[in-house]
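Remarks on the structure that follows.
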Amino acid sequence: MKLKAKIVLLAIVPFLAAIASIESGVRHEAVELARTQHATTQAAYMASKEVELKHYVELATTAIAPLYEAAHDNARDDALLRTRALDVLESMDFGRDGYFFVYDMHGRSLMHPREPNLVGRDLSELRDPQGTPTIQHLLAAASRGGGYVRYMWHRPSTGKLASKLGYVVPLERWGWMIGTGIYLDDVDLALARIDREAAANIDRTMMWIDAIAVAGLAVIALCALVLNFTEYRSADAKLKRLARQVVESQENERARLSRELHDGISQMMVSVKLLLESALARFERSETRVPAAEAALSTSLARLGDTLREVRRISHALRPSMLDDLGVAAALEQLTRELSEQSGIEIGFTQITHTHAAVLPEAVNTVLFRIAQEALTNIVRHAQASSAAMALEISNDAVTLSIADDGRGFDVTHAFVGRRSGVGLRNMRERLEALGGNLSLSSQPRHTLVTARVPLGTGEPRNEPQSPALQDIRS
């Protein structure tokens, strides 16, 4: 794994772990808070209902208190007083679902205004759908002096079973249990609404945390992208600088080898040739002629001449001295003339120099010469052309080199990529890019154009006169 990938992972993994821990902790605390809120709200609701129920039962017992006390003083009319008390309780209600009920302490229903069919029946064994003995729980609470019981009972307004909170008290002398109840549907609905709101709040909080996590990841990714782009630009700049240094080193080495060949080996070979010519002249002037020796010397002189010309050609190909002495225009003119003579292809050269044209730096001269050398070599080897033309245009802000031929052409779309891409074209483009220039290509059968353009800074005016001979060469 690359170092950059490791750095990104070291940034992302702890961040995601921290976000996951925060989300888990926040969710846990939010759930606990919701549970506490549910319990607190439920306790508050139930407390208010209990107070309300107790108040209702107190009203009921207060309403029948005179009858209950009279029965204590006059036992003969006790049955009549009980009946009157049941009538009073039956007439008391608070809404469609608010009523009082009366049972004896054995579980027999004595009064039920909403379900009269239960009156007179023994309901001590009555159980709700969960199997809970409802009446027995109510009787147990009454036997303890009164209390609250939560149970299931049919709601009169709907006819369905619903949760109900009842409050009962005993009337000991009559052996009664009197009570009432409140259905808890509204409490359950309120608690359900609170639970839904708490769940929605938790979900929103989690969404915010997730959004923060996504934003954080986006920032990390952006930083990684910027870092990668910065490193890429830095590496690209270093690579271009290295390529430029390599090219400069190559040119310096070419120049050194060219000088060594021209000033060293070439001079020594010239000296050897002069000695051999002197020896041959002595043989020819001598009274004693040795034809075999003269023939050998003549052959040696011929071969030495060929070798000397080859050394000079190699020296010139490595770096023509004219490029350093007279400039790129003269070197290009000489290059076109030599290749035209060697290949038989008519190659013309034209120089266009504008007023106040800039002086070309040495690096630009070298790059333009190498591009021309590469382009003309490709024409000679691959283009199958009958003629070519090269033009050099120098202005105060740019120099442009154009090479055209009437060869078979090539596929420009694959010039720099794929199997058919050329190393020479890539080298030309890289040389130009190192100077801030650009290379453009256009090619079709019978017409191919390679254009290299290098921008120049404002330089000194170039007053070098333009050669009339160059003006007459056909492009």
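Following the order of the structure tokens, first chain is A, next is B, and so on, with residues numbered from 1 inside each chain and ligands from 1 in the order they appear.
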For Gly107 (chain A): contacts at 7 Å, only C-alpha atoms, fewer than 3 positions along chain excluded, given as JSON, numbers by chain: {"A": [103, 104, 122, 123, 124, 135]}
Store the residues of this selection in a file with C-alpha atoms, as a tab-separated table (two decimals), in the first residue's frame.
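The result, written out as result-v4.tsv:
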```
chain	number	residue	atom	x	y	z
A	103	TYR	CA	-70.64	-4.96	43.77
A	104	ASP	CA	-71.07	-6.88	46.96
A	122	ASP	CA	-71.79	-13.32	40.17
A	123	LEU	CA	-68.77	-11.96	38.32
A	124	SER	CA	-66.11	-13.05	40.76
A	135	ILE	CA	-63.41	-8.41	39.79
```
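Within region 90-123 of chain A, DSSP run on the backbone puts these residues in strand (DSSP E or B): Asp93, Tyr99, Phe100, Phe101, Val102, Tyr103, Asp104, Arg108, Ser109, Leu110, Met111 and Asp122 of chain A.
Across the model, the gap from CA of His55 (chain A) to CA of Arg96 (chain A) is 18.1 Å.
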Near region 173-188 of chain A, within 7 Å and counting only C-alpha atoms, which residues show up once chain neighbours fewer than 4 positions away are dropped, as a ChimeraX atom specification? /A:45,53,57,98-105,142,162-169,192
At a cut-off of 6 Å, using only C-alpha atoms, what residues contact region 333-345 of chain A? Leave out same-chain residues fewer than 2 positions from it and give the result as a list in words. Ala330, Ala331, Ile347, Ser386 and Ser387 of chain A
Include N, CA and C atoms and write out the residues we just selected as a PDB file, in the first residue's frame.
```pdb
ATOM      1  N   ALA A 330      21.075  29.160 -40.099  1.00  0.00           N
ATOM      2  CA  ALA A 330      22.144  28.619 -40.949  1.00  0.00           C
ATOM      3  C   ALA A 330      22.265  27.111 -40.774  1.00  0.00           C
ATOM      4  N   ALA A 331      22.128  26.620 -39.527  1.00  0.00           N
ATOM      5  CA  ALA A 331      22.209  25.177 -39.298  1.00  0.00           C
ATOM      6  C   ALA A 331      21.071  24.439 -39.983  1.00  0.00           C
ATOM      7  N   ILE A 347      14.102  19.434 -50.786  1.00  0.00           N
ATOM      8  CA  ILE A 347      13.741  20.031 -49.501  1.00  0.00           C
ATOM      9  C   ILE A 347      14.109  21.507 -49.541  1.00  0.00           C
ATOM     10  N   SER A 386       8.171  13.147 -52.235  1.00  0.00           N
ATOM     11  CA  SER A 386       9.031  13.604 -53.329  1.00  0.00           C
ATOM     12  C   SER A 386       9.588  14.988 -53.054  1.00  0.00           C
ATOM     13  N   SER A 387       8.921  15.746 -52.145  1.00  0.00           N
ATOM     14  CA  SER A 387       9.414  17.075 -51.813  1.00  0.00           C
ATOM     15  C   SER A 387       8.961  17.430 -50.401  1.00  0.00           C
TER      16      SER A 387
END
```
Could you check how far CA of Lys240 (chain A) sits from CA of Leu432 (chain A), in Å to one decimal?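 Computing the Euclidean distance for CA of Lys240 (chain A) and CA of Leu432 (chain A) yields 10.9 Å.
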Val364 (chain A): which residues within 8 Å, counting only C-alpha atoms, same-chain residues fewer than 4 positions away excluded, as an MDAnalysis selection string? chainID A and resid 360 368 435 454
Pull C-alpha atoms from the residues just selected and write them as a PDB file, in the first residue's frame.
```pdb
ATOM      1  CA  LEU A 360      16.829  33.152 -29.839  1.00  0.00           C
ATOM      2  CA  LEU A 368      14.331  23.710 -32.937  1.00  0.00           C
ATOM      3  CA  LEU A 435      10.285  25.455 -22.997  1.00  0.00           C
ATOM      4  CA  VAL A 454       7.936  28.446 -28.742  1.00  0.00           C
TER       5      VAL A 454
END
```
Spatial neighbours of His447 (chain A), 7 Å, only C-alpha atoms, chain gap at least 3 places, as a PyMOL selection string: chain A and resi 404-407+409+443-444
Save out the residues we just selected, N, CA and C atoms, as a PDB file, in the first residue's frame.
```pdb
ATOM      1  N   ALA A 404       6.658  20.698 -43.796  1.00  0.00           N
ATOM      2  CA  ALA A 404       5.581  20.106 -44.584  1.00  0.00           C
ATOM      3  C   ALA A 404       6.176  19.159 -45.617  1.00  0.00           C
ATOM      4  N   ASP A 405       5.401  18.137 -45.985  1.00  0.00           N
ATOM      5  CA  ASP A 405       5.827  17.202 -47.036  1.00  0.00           C
ATOM      6  C   ASP A 405       4.606  16.702 -47.786  1.00  0.00           C
ATOM      7  N   ASP A 406       4.840  16.090 -48.946  1.00  0.00           N
ATOM      8  CA  ASP A 406       3.759  15.547 -49.776  1.00  0.00           C
ATOM      9  C   ASP A 406       3.746  14.028 -49.758  1.00  0.00           C
ATOM     10  N   GLY A 407       4.084  13.454 -48.596  1.00  0.00           N
ATOM     11  CA  GLY A 407       4.147  12.005 -48.474  1.00  0.00           C
ATOM     12  C   GLY A 407       2.791  11.355 -48.238  1.00  0.00           C
ATOM     13  N   GLY A 409       1.406  10.442 -45.456  1.00  0.00           N
ATOM     14  CA  GLY A 409       0.686  10.863 -44.249  1.00  0.00           C
ATOM     15  C   GLY A 409       0.630   9.763 -43.195  1.00  0.00           C
ATOM     16  N   SER A 443      -2.265  15.801 -40.778  1.00  0.00           N
ATOM     17  CA  SER A 443      -1.742  14.893 -41.789  1.00  0.00           C
ATOM     18  C   SER A 443      -2.865  14.269 -42.592  1.00  0.00           C
ATOM     19  N   GLN A 444      -2.654  14.206 -43.870  1.00  0.00           N
ATOM     20  CA  GLN A 444      -3.512  13.489 -44.806  1.00  0.00           C
ATOM     21  C   GLN A 444      -2.652  13.130 -46.004  1.00  0.00           C
TER      22      GLN A 444
END
```
